[in-house]
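Notes follow once the structure below has been shown.
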There are 2 protein chains.
Amino acid sequence: MIEAIPQTQTRADEAFDCLQTAIVKGELAPGEKIGELELCQRFQLTRGPLREALGRLESRGLLVRRPHAGVKVVSVSTEELLELYRIREVMEGLAARQAAARMTDEEVAGLQATLDAHEAMIEQAQGQAYYQAEGDYDFHHRIATGSRNTKLAQMLLGDLYYMVRMYRYRLSTSAGRPHRALGEHRRIVEAIAQRDGELAEFLMKRHINAARRNIEQKIEEGLLSF
Amino acid sequence: MIEAIPQTQTRADEAFDCLQTAIVKGELAPGEKIGELELCQRFQLTRGPLREALGRLESRGLLVRRPHAGVKVVSVSTEELLELYRIREVMEGLAARQAAARMTDEEVAGLQATLDAHEAMIEQAQGQAYYQAEGDYDFHHRIATGSRNTKLAQMLLGDLYYMVRMYRYRLSTSAGRPHRALGEHRRIVEAIAQRDGELAEFLMKRHINAARRNIEQKIEEGLLSF
DNA sequence: TCAATCATTTTTGTTAACAATAAAGCGGAT
DNA sequence: ATCCGCTTTATTGTTAACAAAAATGATTGA
């Protein structure tokens, strides 16, 4: 009974994780036709589990698959990234509202703690992009789970966030504006702590809206062209 | 070139479709442990494609799968159905807003035509539940695609609507209130036709909110207990 | 020289046999 | 009699061989 969790990770699960991170990190070029055999020897597995993983990834929209024509990673555009942010705006607004009503006090405290850690990280490391992104991801992750809305959390954590991260890697869009984002995060947590769901929703929507406009601006400046 | 679309439907696709409809229609009981072999001979296919389809369905949250323990259809609760409507409210609100800005005039005309057909159907058939549900589905379907937001449409059409239909079958929740819903639909289309995105979003949110409260009321009356 | 058709070859889709794991049933001991 | 442990068994996970389809390349005709 040393093993508390049996959790026999199946090969298909491994394949799914490996491929997902590989796609998100851009190690697999978009549009590139990629063979199953190649993937097999690359990730050290056989075609059965691989195909199962491919099916899951296709279902999630990370790659497209034409019968007998192979798989290729989805092509991405800046327009689609902006559309993703529009979806995030309404969904995470809902998540914040429900989180304000349903999060336990302990969860709220944990949320504040992550913000403190995040602030220290920014000051110390001058806002290194990686930790910045990681902190941001942690924040939104906690609120999504805090909503206690199973399907909502599933859609955000399982679909949208992976998509956003993929686009960000592809377009090398660092989150930018670390201090300002942190301030917005603080206000959102404040509203949640006061159990003010409407305010939390409003602030979260404005927060994501600002992030989207920030990307739009960069595009106009030609910094994100590709 | 008689064949415009090659579309070699693969067996895994067939399996996916068959299983999805079977789950949605409630032909597979929730919680029931169901063997792969049983599914194979039931749908006349082998385990390879079947497993691929199972992976996709698991990824979409229609069934859960524990390693070596088999698959079972997700259990559902009225609370989760209400949560689905909360998600629909914000997502379809967004869809309506974007549809107002992006739908072509032809699409708007088509939307109005479906509403006319729907109205005729209701008067003639005294609002038979099936056609009622079908018309409702068609309406929301058109707006989702009309938003021109690829991921949004994918999430609504590929995930949420199947979920909602499954819950409705399980809880035998007929949509109810056909005339009132039709009127709400008309107002939404009106707003879209006038390219008033904000109004369309507001009306759509209120429409879905009303549907949710209708279900809540039925639950309180004990009509939906199970 | 270019185009079109046919054969080759690669790659995907499918199937069936094999291995591993967990559930279930049986037996013994307390 | 009940509980614990072991063995059995059935089901899942995996692998490799097989079949089919499409892309590629060469050859032949115009």
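Following the order of the structure tokens, chains are lettered A, B, ..., residues in each are numbered from 1, and ligands are numbered from 1.
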task: Please determine the contact residues of chain A with respect to chain B at a cut-off of 8 Å, counting only C-alpha atoms, and supply them as a VMD selection string.
output: chain A and resid 7 to 10 48 51 to 53 55 to 56 59 to 60 67 80 83 to 84 87 90 to 91 94 149 to 152
- prompt: Residues of stretch 5-216 of chain A in alpha helix (DSSP H) according to DSSP, as JSON, numbers by chain?
  reply: {"A": [11, 12, 13, 14, 15, 16, 17, 18, 19, 20, 21, 22, 23, 24, 36, 37, 38, 39, 40, 41, 42, 43, 47, 48, 49, 50, 51, 52, 53, 54, 55, 56, 57, 58, 59, 78, 79, 80, 81, 82, 83, 84, 85, 86, 87, 88, 89, 90, 91, 92, 93, 94, 95, 96, 97, 98, 99, 100, 101, 102, 105, 106, 107, 108, 109, 110, 111, 112, 113, 114, 115, 116, 117, 118, 119, 120, 121, 122, 123, 124, 125, 129, 130, 131, 132, 133, 134, 135, 136, 137, 138, 139, 140, 141, 142, 143, 144, 145, 146, 150, 151, 152, 153, 154, 155, 161, 162, 163, 164, 165, 166, 167, 168, 169, 170, 178, 179, 180, 181, 182, 183, 184, 185, 186, 187, 188, 189, 190, 191, 192, 193, 197, 198, 199, 200, 201, 202, 203, 204, 205, 206, 207, 208, 209, 210, 211, 212, 213, 214, 215, 216]}
field: Residue hits in chain D, query chain A, radius 9 Å, only C-alpha atoms (C1' of nucleotides), as a PyMOL selection string
entry: chain D and resi 13-15+21-23
Please superimpose chain B on chain A using every C-alpha atom, paired by order, in a least-squares fit, and write the moved chain as a short mmCIF file (atom, residue, chain, number, x, y, z; two decimals) with C-alpha atoms, in the first residue's frame.
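Output contents, as saved in selection-v8.cif:
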```cif
data_model
loop_
_atom_site.label_atom_id
_atom_site.label_comp_id
_atom_site.auth_asym_id
_atom_site.auth_seq_id
_atom_site.Cartn_x
_atom_site.Cartn_y
_atom_site.Cartn_z
CA MET B 1 -2.07 0.82 0.97
CA ILE B 2 0.92 2.90 0.13
CA GLU B 3 -0.51 3.47 -3.29
CA ALA B 4 -3.45 5.76 -2.72
CA ILE B 5 -3.93 6.26 -6.41
CA PRO B 6 -3.54 3.26 -8.73
CA GLN B 7 -3.54 5.48 -11.83
CA THR B 8 -2.12 3.00 -14.29
CA GLN B 9 -1.14 5.54 -16.88
CA THR B 10 -1.92 3.95 -20.18
CA ARG B 11 0.29 4.40 -23.23
CA ALA B 12 -2.45 6.28 -25.02
CA ASP B 13 -2.48 8.77 -22.17
CA GLU B 14 1.27 9.23 -22.41
CA ALA B 15 0.98 9.69 -26.15
CA PHE B 16 -1.76 12.22 -25.67
CA ASP B 17 0.26 14.23 -23.17
CA CYS B 18 3.45 14.10 -25.21
CA LEU B 19 1.71 15.14 -28.40
CA GLN B 20 -0.30 17.86 -26.73
CA THR B 21 2.74 19.52 -25.21
CA ALA B 22 4.67 19.06 -28.44
CA ILE B 23 1.92 20.79 -30.38
CA VAL B 24 1.48 23.53 -27.81
CA LYS B 25 5.19 24.24 -27.67
CA GLY B 26 5.35 24.43 -31.42
CA GLU B 27 7.73 21.50 -31.80
CA LEU B 28 5.38 20.25 -34.47
CA ALA B 29 5.04 22.83 -37.19
CA PRO B 30 1.50 23.83 -38.21
CA GLY B 31 0.35 22.62 -41.59
CA GLU B 32 3.23 20.19 -41.76
CA LYS B 33 2.11 16.74 -42.78
CA ILE B 34 3.35 14.35 -40.16
CA GLY B 35 3.41 10.57 -40.51
CA GLU B 36 2.27 8.12 -37.88
CA LEU B 37 5.41 6.03 -38.20
CA GLU B 38 7.53 9.11 -37.58
CA LEU B 39 5.54 9.95 -34.47
CA CYS B 40 5.82 6.37 -33.24
CA GLN B 41 9.58 6.21 -33.21
CA ARG B 42 9.80 9.76 -31.98
CA PHE B 43 7.72 9.09 -28.88
CA GLN B 44 8.65 5.44 -28.57
CA LEU B 45 5.23 3.87 -28.92
CA THR B 46 3.19 1.80 -31.33
CA ARG B 47 0.44 2.83 -33.66
CA GLY B 48 -2.52 1.59 -31.62
CA PRO B 49 -2.19 3.93 -28.68
CA LEU B 50 -0.94 6.63 -30.98
CA ARG B 51 -4.07 6.55 -33.09
CA GLU B 52 -6.21 6.72 -29.99
CA ALA B 53 -4.32 9.80 -28.87
CA LEU B 54 -4.63 11.33 -32.33
CA GLY B 55 -8.39 10.85 -32.16
CA ARG B 56 -8.55 12.69 -28.88
CA LEU B 57 -6.39 15.53 -30.15
CA GLU B 58 -8.48 15.86 -33.29
CA SER B 59 -11.61 15.97 -31.18
CA ARG B 60 -10.10 18.86 -29.27
CA GLY B 61 -9.25 20.74 -32.40
CA LEU B 62 -5.47 20.70 -31.99
CA LEU B 63 -4.95 18.80 -35.21
CA VAL B 64 -6.91 17.91 -38.28
CA ARG B 65 -6.98 14.52 -39.92
CA ARG B 66 -8.15 13.66 -43.44
CA PRO B 67 -8.74 9.96 -44.10
CA HIS B 68 -5.69 8.38 -45.73
CA ALA B 69 -4.11 11.79 -46.02
CA GLY B 70 -2.41 11.94 -42.67
CA VAL B 71 -2.57 14.37 -39.81
CA LYS B 72 -1.42 17.93 -39.63
CA VAL B 73 -1.29 20.44 -36.83
CA VAL B 74 -3.90 23.15 -37.11
CA SER B 75 -2.89 26.36 -38.77
CA VAL B 76 -3.42 29.40 -36.64
CA SER B 77 -4.12 33.03 -37.33
CA THR B 78 -4.14 36.15 -35.24
CA GLU B 79 -7.87 36.54 -35.89
CA GLU B 80 -8.53 33.17 -34.30
CA LEU B 81 -6.46 34.11 -31.27
CA LEU B 82 -8.59 37.20 -30.79
CA GLU B 83 -11.72 35.10 -31.10
CA LEU B 84 -10.38 32.85 -28.36
CA TYR B 85 -10.05 35.85 -26.10
CA ARG B 86 -13.64 36.83 -26.80
CA ILE B 87 -14.72 33.38 -25.66
CA ARG B 88 -12.48 33.58 -22.63
CA GLU B 89 -14.00 36.91 -21.71
CA VAL B 90 -17.53 35.58 -21.27
CA MET B 91 -16.58 32.16 -19.91
CA GLU B 92 -14.07 33.36 -17.35
CA GLY B 93 -16.43 36.12 -16.38
CA LEU B 94 -18.94 33.44 -15.49
CA ALA B 95 -16.23 31.46 -13.73
CA ALA B 96 -15.28 34.46 -11.60
CA ARG B 97 -18.90 35.11 -10.67
CA GLN B 98 -19.47 31.53 -9.61
CA ALA B 99 -16.11 31.36 -7.87
CA ALA B 100 -17.08 34.35 -5.74
CA ALA B 101 -20.12 32.46 -4.56
CA ARG B 102 -18.59 29.03 -4.15
CA MET B 103 -14.90 29.17 -3.34
CA THR B 104 -13.97 28.20 0.19
CA ASP B 105 -12.11 30.67 2.37
CA GLU B 106 -9.06 28.45 2.09
CA GLU B 107 -9.18 28.63 -1.68
CA VAL B 108 -9.46 32.40 -1.57
CA ALA B 109 -6.47 32.54 0.76
CA GLY B 110 -4.54 30.32 -1.64
CA LEU B 111 -5.46 32.64 -4.46
CA GLN B 112 -4.08 35.63 -2.59
CA ALA B 113 -0.94 33.70 -1.76
CA THR B 114 -0.27 32.96 -5.44
CA LEU B 115 -0.67 36.63 -6.18
CA ASP B 116 1.89 37.51 -3.49
CA ALA B 117 4.30 34.97 -4.90
CA HIS B 118 3.66 36.31 -8.34
CA GLU B 119 4.39 39.86 -7.24
CA ALA B 120 7.66 38.85 -5.61
CA MET B 121 8.59 37.01 -8.79
CA ILE B 122 7.96 40.04 -10.93
CA GLU B 123 9.98 42.43 -8.78
CA GLN B 124 12.84 40.03 -8.42
CA ALA B 125 13.07 38.79 -11.97
CA GLN B 126 11.99 41.98 -13.70
CA GLY B 127 8.97 40.14 -14.98
CA GLN B 128 10.59 37.30 -16.81
CA ALA B 129 8.19 36.14 -19.47
CA TYR B 130 8.12 32.52 -18.42
CA TYR B 131 7.27 33.02 -14.77
CA GLN B 132 4.88 35.74 -15.74
CA ALA B 133 2.96 33.39 -18.00
CA GLU B 134 3.10 30.63 -15.42
CA GLY B 135 1.68 32.83 -12.70
CA ASP B 136 -1.05 34.06 -14.98
CA TYR B 137 -1.95 30.52 -15.87
CA ASP B 138 -2.08 29.50 -12.21
CA PHE B 139 -4.40 32.37 -11.38
CA HIS B 140 -6.92 31.59 -14.06
CA HIS B 141 -6.64 27.90 -13.32
CA ARG B 142 -7.65 28.37 -9.70
CA ILE B 143 -10.65 30.48 -10.55
CA ALA B 144 -11.85 28.01 -13.15
CA THR B 145 -11.78 25.15 -10.67
CA GLY B 146 -13.15 27.39 -7.94
CA SER B 147 -16.30 27.93 -9.96
CA ARG B 148 -17.37 24.38 -9.06
CA ASN B 149 -18.87 24.20 -12.51
CA THR B 150 -17.54 20.90 -13.79
CA LYS B 151 -18.15 21.43 -17.46
CA LEU B 152 -17.00 25.03 -17.38
CA ALA B 153 -13.72 24.08 -15.76
CA GLN B 154 -13.33 21.22 -18.19
CA MET B 155 -13.81 23.46 -21.20
CA LEU B 156 -11.46 26.13 -19.90
CA LEU B 157 -8.72 23.87 -18.61
CA GLY B 158 -9.02 21.12 -21.18
CA ASP B 159 -9.61 23.11 -24.32
CA LEU B 160 -9.25 26.86 -24.28
CA TYR B 161 -6.11 27.27 -22.21
CA TYR B 162 -4.14 24.78 -24.30
CA MET B 163 -5.32 26.59 -27.38
CA VAL B 164 -4.28 29.96 -26.04
CA ARG B 165 -0.89 28.66 -24.99
CA MET B 166 -0.37 27.16 -28.43
CA TYR B 167 -1.18 30.42 -30.14
CA ARG B 168 1.05 32.32 -27.77
CA TYR B 169 3.97 30.04 -28.53
CA ARG B 170 3.35 30.25 -32.23
CA LEU B 171 3.00 34.01 -32.35
CA SER B 172 5.63 34.47 -29.66
CA THR B 173 3.22 36.69 -27.81
CA SER B 174 4.55 37.24 -24.36
CA ALA B 175 1.78 38.21 -22.01
CA GLY B 176 3.23 41.66 -21.59
CA ARG B 177 2.13 44.35 -19.11
CA PRO B 178 2.98 42.36 -15.98
CA HIS B 179 2.40 45.03 -13.35
CA ARG B 180 -0.89 46.16 -14.73
CA ALA B 181 -2.14 42.60 -15.01
CA LEU B 182 -1.17 41.91 -11.42
CA GLY B 183 -3.16 44.88 -10.23
CA GLU B 184 -6.19 43.65 -12.14
CA HIS B 185 -5.74 40.24 -10.62
CA ARG B 186 -5.68 41.78 -7.15
CA ARG B 187 -8.93 43.59 -7.71
CA ILE B 188 -10.60 40.43 -8.96
CA VAL B 189 -9.49 38.47 -5.91
CA GLU B 190 -10.68 41.31 -3.70
CA ALA B 191 -14.13 41.08 -5.23
CA ILE B 192 -14.15 37.32 -4.81
CA ALA B 193 -13.06 37.65 -1.18
CA GLN B 194 -15.96 40.01 -0.60
CA ARG B 195 -18.24 37.52 -2.31
CA ASP B 196 -19.24 40.13 -4.83
CA GLY B 197 -19.94 37.93 -7.83
CA GLU B 198 -21.16 40.63 -10.18
CA LEU B 199 -18.11 42.77 -9.60
CA ALA B 200 -15.78 39.81 -9.99
CA GLU B 201 -17.41 38.99 -13.31
CA PHE B 202 -17.15 42.58 -14.49
CA LEU B 203 -13.50 42.89 -13.51
CA MET B 204 -12.56 39.57 -15.05
CA LYS B 205 -14.24 40.45 -18.31
CA ARG B 206 -12.48 43.79 -18.39
CA HIS B 207 -9.18 42.11 -17.56
CA ILE B 208 -9.39 39.73 -20.47
CA ASN B 209 -10.74 42.42 -22.72
CA ALA B 210 -7.68 44.53 -21.94
CA ALA B 211 -5.41 41.60 -22.72
CA ARG B 212 -7.14 41.17 -26.05
CA ARG B 213 -6.83 44.81 -26.95
CA ASN B 214 -3.18 44.65 -26.01
CA ILE B 215 -2.68 41.90 -28.58
CA GLU B 216 -4.71 43.80 -31.16
CA GLN B 217 -2.50 46.81 -30.64
CA LYS B 218 0.65 44.78 -31.09
CA ILE B 219 -0.77 43.43 -34.31
CA GLU B 220 -1.46 46.90 -35.60
CA GLU B 221 2.07 47.92 -34.75
CA GLY B 222 3.23 45.06 -36.90
CA LEU B 223 4.98 43.35 -34.04
CA LEU B 224 2.99 40.19 -34.43
CA SER B 225 2.78 39.85 -38.17
CA PHE B 226 3.89 36.52 -39.49
#
```
task: Specify as a ChimeraX atom specification all residues of chain C found within 12 Å of chain A, counting only C-alpha atoms (C1' of nucleotides).
output: /C:10-15,20-22
Which residues come within 12 Å of C:DA4, counting only C-alpha atoms (C1' of nucleotides), excluding same-chain residues fewer than 6 positions away, as a PDB file with all heavy atoms, in the first residue's frame?
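Written file, selection.pdb:
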```
ATOM      1  P    DA D  26      11.596   8.690 -61.179  1.00  0.00           P
ATOM      2  OP1  DA D  26      12.965   8.346 -60.761  1.00  0.00           O
ATOM      3  OP2  DA D  26      11.278  10.063 -61.628  1.00  0.00           O
ATOM      4  O5'  DA D  26      11.137   7.661 -62.308  1.00  0.00           O
ATOM      5  C5'  DA D  26      10.871   6.304 -61.960  1.00  0.00           C
ATOM      6  C4'  DA D  26      10.032   5.641 -63.045  1.00  0.00           C
ATOM      7  O4'  DA D  26       8.693   6.204 -63.023  1.00  0.00           O
ATOM      8  C3'  DA D  26      10.556   5.858 -64.471  1.00  0.00           C
ATOM      9  O3'  DA D  26      10.465   4.650 -65.203  1.00  0.00           O
ATOM     10  C2'  DA D  26       9.633   6.928 -65.043  1.00  0.00           C
ATOM     11  C1'  DA D  26       8.327   6.604 -64.329  1.00  0.00           C
ATOM     12  N9   DA D  26       7.417   7.736 -64.215  1.00  0.00           N
ATOM     13  C8   DA D  26       7.706   8.981 -63.759  1.00  0.00           C
ATOM     14  N7   DA D  26       6.682   9.811 -63.767  1.00  0.00           N
ATOM     15  C5   DA D  26       5.654   9.040 -64.277  1.00  0.00           C
ATOM     16  C6   DA D  26       4.300   9.324 -64.542  1.00  0.00           C
ATOM     17  N6   DA D  26       3.740  10.518 -64.312  1.00  0.00           N
ATOM     18  N1   DA D  26       3.543   8.334 -65.044  1.00  0.00           N
ATOM     19  C2   DA D  26       4.100   7.142 -65.269  1.00  0.00           C
ATOM     20  N3   DA D  26       5.359   6.754 -65.066  1.00  0.00           N
ATOM     21  C4   DA D  26       6.079   7.766 -64.553  1.00  0.00           C
ATOM     22  P    DT D  27      11.449   4.330 -66.493  1.00  0.00           P
ATOM     23  OP1  DT D  27      12.310   3.176 -66.158  1.00  0.00           O
ATOM     24  OP2  DT D  27      12.057   5.621 -66.899  1.00  0.00           O
ATOM     25  O5'  DT D  27      10.411   3.888 -67.614  1.00  0.00           O
ATOM     26  C5'  DT D  27       9.238   3.139 -67.239  1.00  0.00           C
ATOM     27  C4'  DT D  27       8.094   3.455 -68.190  1.00  0.00           C
ATOM     28  O4'  DT D  27       7.432   4.688 -67.773  1.00  0.00           O
ATOM     29  C3'  DT D  27       8.513   3.693 -69.656  1.00  0.00           C
ATOM     30  O3'  DT D  27       7.707   2.901 -70.507  1.00  0.00           O
ATOM     31  C2'  DT D  27       8.273   5.177 -69.876  1.00  0.00           C
ATOM     32  C1'  DT D  27       7.126   5.453 -68.933  1.00  0.00           C
ATOM     33  N1   DT D  27       6.980   6.855 -68.524  1.00  0.00           N
ATOM     34  C2   DT D  27       5.733   7.442 -68.587  1.00  0.00           C
ATOM     35  O2   DT D  27       4.736   6.858 -68.952  1.00  0.00           O
ATOM     36  N3   DT D  27       5.703   8.755 -68.183  1.00  0.00           N
ATOM     37  C4   DT D  27       6.772   9.519 -67.750  1.00  0.00           C
ATOM     38  O4   DT D  27       6.609  10.690 -67.430  1.00  0.00           O
ATOM     39  C5   DT D  27       8.037   8.855 -67.726  1.00  0.00           C
ATOM     40  C7   DT D  27       9.268   9.604 -67.274  1.00  0.00           C
ATOM     41  C6   DT D  27       8.090   7.563 -68.104  1.00  0.00           C
ATOM     42  P    DT D  28       8.180   2.510 -72.027  1.00  0.00           P
ATOM     43  OP1  DT D  28       8.283   1.038 -72.136  1.00  0.00           O
ATOM     44  OP2  DT D  28       9.334   3.366 -72.381  1.00  0.00           O
ATOM     45  O5'  DT D  28       6.932   3.009 -72.896  1.00  0.00           O
ATOM     46  C5'  DT D  28       5.596   2.793 -72.404  1.00  0.00           C
ATOM     47  C4'  DT D  28       4.668   3.861 -72.943  1.00  0.00           C
ATOM     48  O4'  DT D  28       4.854   5.109 -72.221  1.00  0.00           O
ATOM     49  C3'  DT D  28       4.869   4.211 -74.428  1.00  0.00           C
ATOM     50  O3'  DT D  28       3.619   4.158 -75.096  1.00  0.00           O
ATOM     51  C2'  DT D  28       5.445   5.621 -74.408  1.00  0.00           C
ATOM     52  C1'  DT D  28       4.806   6.179 -73.153  1.00  0.00           C
ATOM     53  N1   DT D  28       5.505   7.338 -72.566  1.00  0.00           N
ATOM     54  C2   DT D  28       4.781   8.454 -72.215  1.00  0.00           C
ATOM     55  O2   DT D  28       3.588   8.546 -72.361  1.00  0.00           O
ATOM     56  N3   DT D  28       5.534   9.475 -71.668  1.00  0.00           N
ATOM     57  C4   DT D  28       6.900   9.492 -71.459  1.00  0.00           C
ATOM     58  O4   DT D  28       7.450  10.466 -70.974  1.00  0.00           O
ATOM     59  C5   DT D  28       7.597   8.293 -71.852  1.00  0.00           C
ATOM     60  C7   DT D  28       9.091   8.200 -71.668  1.00  0.00           C
ATOM     61  C6   DT D  28       6.879   7.276 -72.377  1.00  0.00           C
ATOM     62  P    DG D  29       3.556   3.793 -76.643  1.00  0.00           P
ATOM     63  OP1  DG D  29       2.849   2.509 -76.763  1.00  0.00           O
ATOM     64  OP2  DG D  29       4.906   3.981 -77.224  1.00  0.00           O
ATOM     65  O5'  DG D  29       2.621   4.943 -77.237  1.00  0.00           O
ATOM     66  C5'  DG D  29       1.372   5.219 -76.618  1.00  0.00           C
ATOM     67  C4'  DG D  29       1.096   6.704 -76.639  1.00  0.00           C
ATOM     68  O4'  DG D  29       2.107   7.394 -75.857  1.00  0.00           O
ATOM     69  C3'  DG D  29       1.151   7.350 -78.039  1.00  0.00           C
ATOM     70  O3'  DG D  29      -0.136   7.848 -78.371  1.00  0.00           O
ATOM     71  C2'  DG D  29       2.168   8.495 -77.919  1.00  0.00           C
ATOM     72  C1'  DG D  29       2.319   8.672 -76.417  1.00  0.00           C
ATOM     73  N9   DG D  29       3.641   9.110 -76.002  1.00  0.00           N
ATOM     74  C8   DG D  29       4.825   8.425 -76.115  1.00  0.00           C
ATOM     75  N7   DG D  29       5.850   9.077 -75.646  1.00  0.00           N
ATOM     76  C5   DG D  29       5.313  10.278 -75.198  1.00  0.00           C
ATOM     77  C6   DG D  29       5.939  11.390 -74.590  1.00  0.00           C
ATOM     78  O6   DG D  29       7.132  11.533 -74.331  1.00  0.00           O
ATOM     79  N1   DG D  29       5.022  12.401 -74.293  1.00  0.00           N
ATOM     80  C2   DG D  29       3.679  12.322 -74.552  1.00  0.00           C
ATOM     81  N2   DG D  29       2.960  13.386 -74.197  1.00  0.00           N
ATOM     82  N3   DG D  29       3.080  11.302 -75.117  1.00  0.00           N
ATOM     83  C4   DG D  29       3.951  10.316 -75.411  1.00  0.00           C
ATOM     84  P    DA D  30      -0.455   8.277 -79.880  1.00  0.00           P
ATOM     85  OP1  DA D  30      -1.843   7.832 -80.153  1.00  0.00           O
ATOM     86  OP2  DA D  30       0.642   7.863 -80.777  1.00  0.00           O
ATOM     87  O5'  DA D  30      -0.450   9.859 -79.792  1.00  0.00           O
ATOM     88  C5'  DA D  30      -1.273  10.496 -78.804  1.00  0.00           C
ATOM     89  C4'  DA D  30      -0.831  11.937 -78.605  1.00  0.00           C
ATOM     90  O4'  DA D  30       0.513  11.953 -78.049  1.00  0.00           O
ATOM     91  C3'  DA D  30      -0.764  12.750 -79.904  1.00  0.00           C
ATOM     92  O3'  DA D  30      -1.526  13.938 -79.744  1.00  0.00           O
ATOM     93  C2'  DA D  30       0.708  13.085 -80.097  1.00  0.00           C
ATOM     94  C1'  DA D  30       1.249  13.018 -78.671  1.00  0.00           C
ATOM     95  N9   DA D  30       2.661  12.654 -78.605  1.00  0.00           N
ATOM     96  C8   DA D  30       3.262  11.557 -79.158  1.00  0.00           C
ATOM     97  N7   DA D  30       4.556  11.493 -78.937  1.00  0.00           N
ATOM     98  C5   DA D  30       4.813  12.633 -78.195  1.00  0.00           C
ATOM     99  C6   DA D  30       6.002  13.151 -77.642  1.00  0.00           C
ATOM    100  N6   DA D  30       7.183  12.559 -77.766  1.00  0.00           N
ATOM    101  N1   DA D  30       5.914  14.308 -76.947  1.00  0.00           N
ATOM    102  C2   DA D  30       4.716  14.898 -76.821  1.00  0.00           C
ATOM    103  N3   DA D  30       3.540  14.503 -77.298  1.00  0.00           N
ATOM    104  C4   DA D  30       3.664  13.353 -77.980  1.00  0.00           C
TER     105       DA D  30
END
```
- prompt: Can you list every residue in stretch 10-214 of chain A that DSSP puts in strand (DSSP E), as a list in words?
  reply: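 So, restricting stretch 10-214 of chain A to strand (DSSP E), we get Lys33, Ile34, Leu63, Val64, Arg65, Arg66, Gly70, Val71, Lys72 and Val73 of chain A.
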message: Quick one: residues within 9 Å of D:DT8, only C-alpha atoms (C1' of nucleotides), excluding same-chain residues fewer than 2 positions away - as a PyMOL selection string?
response: chain C and resi 24-26
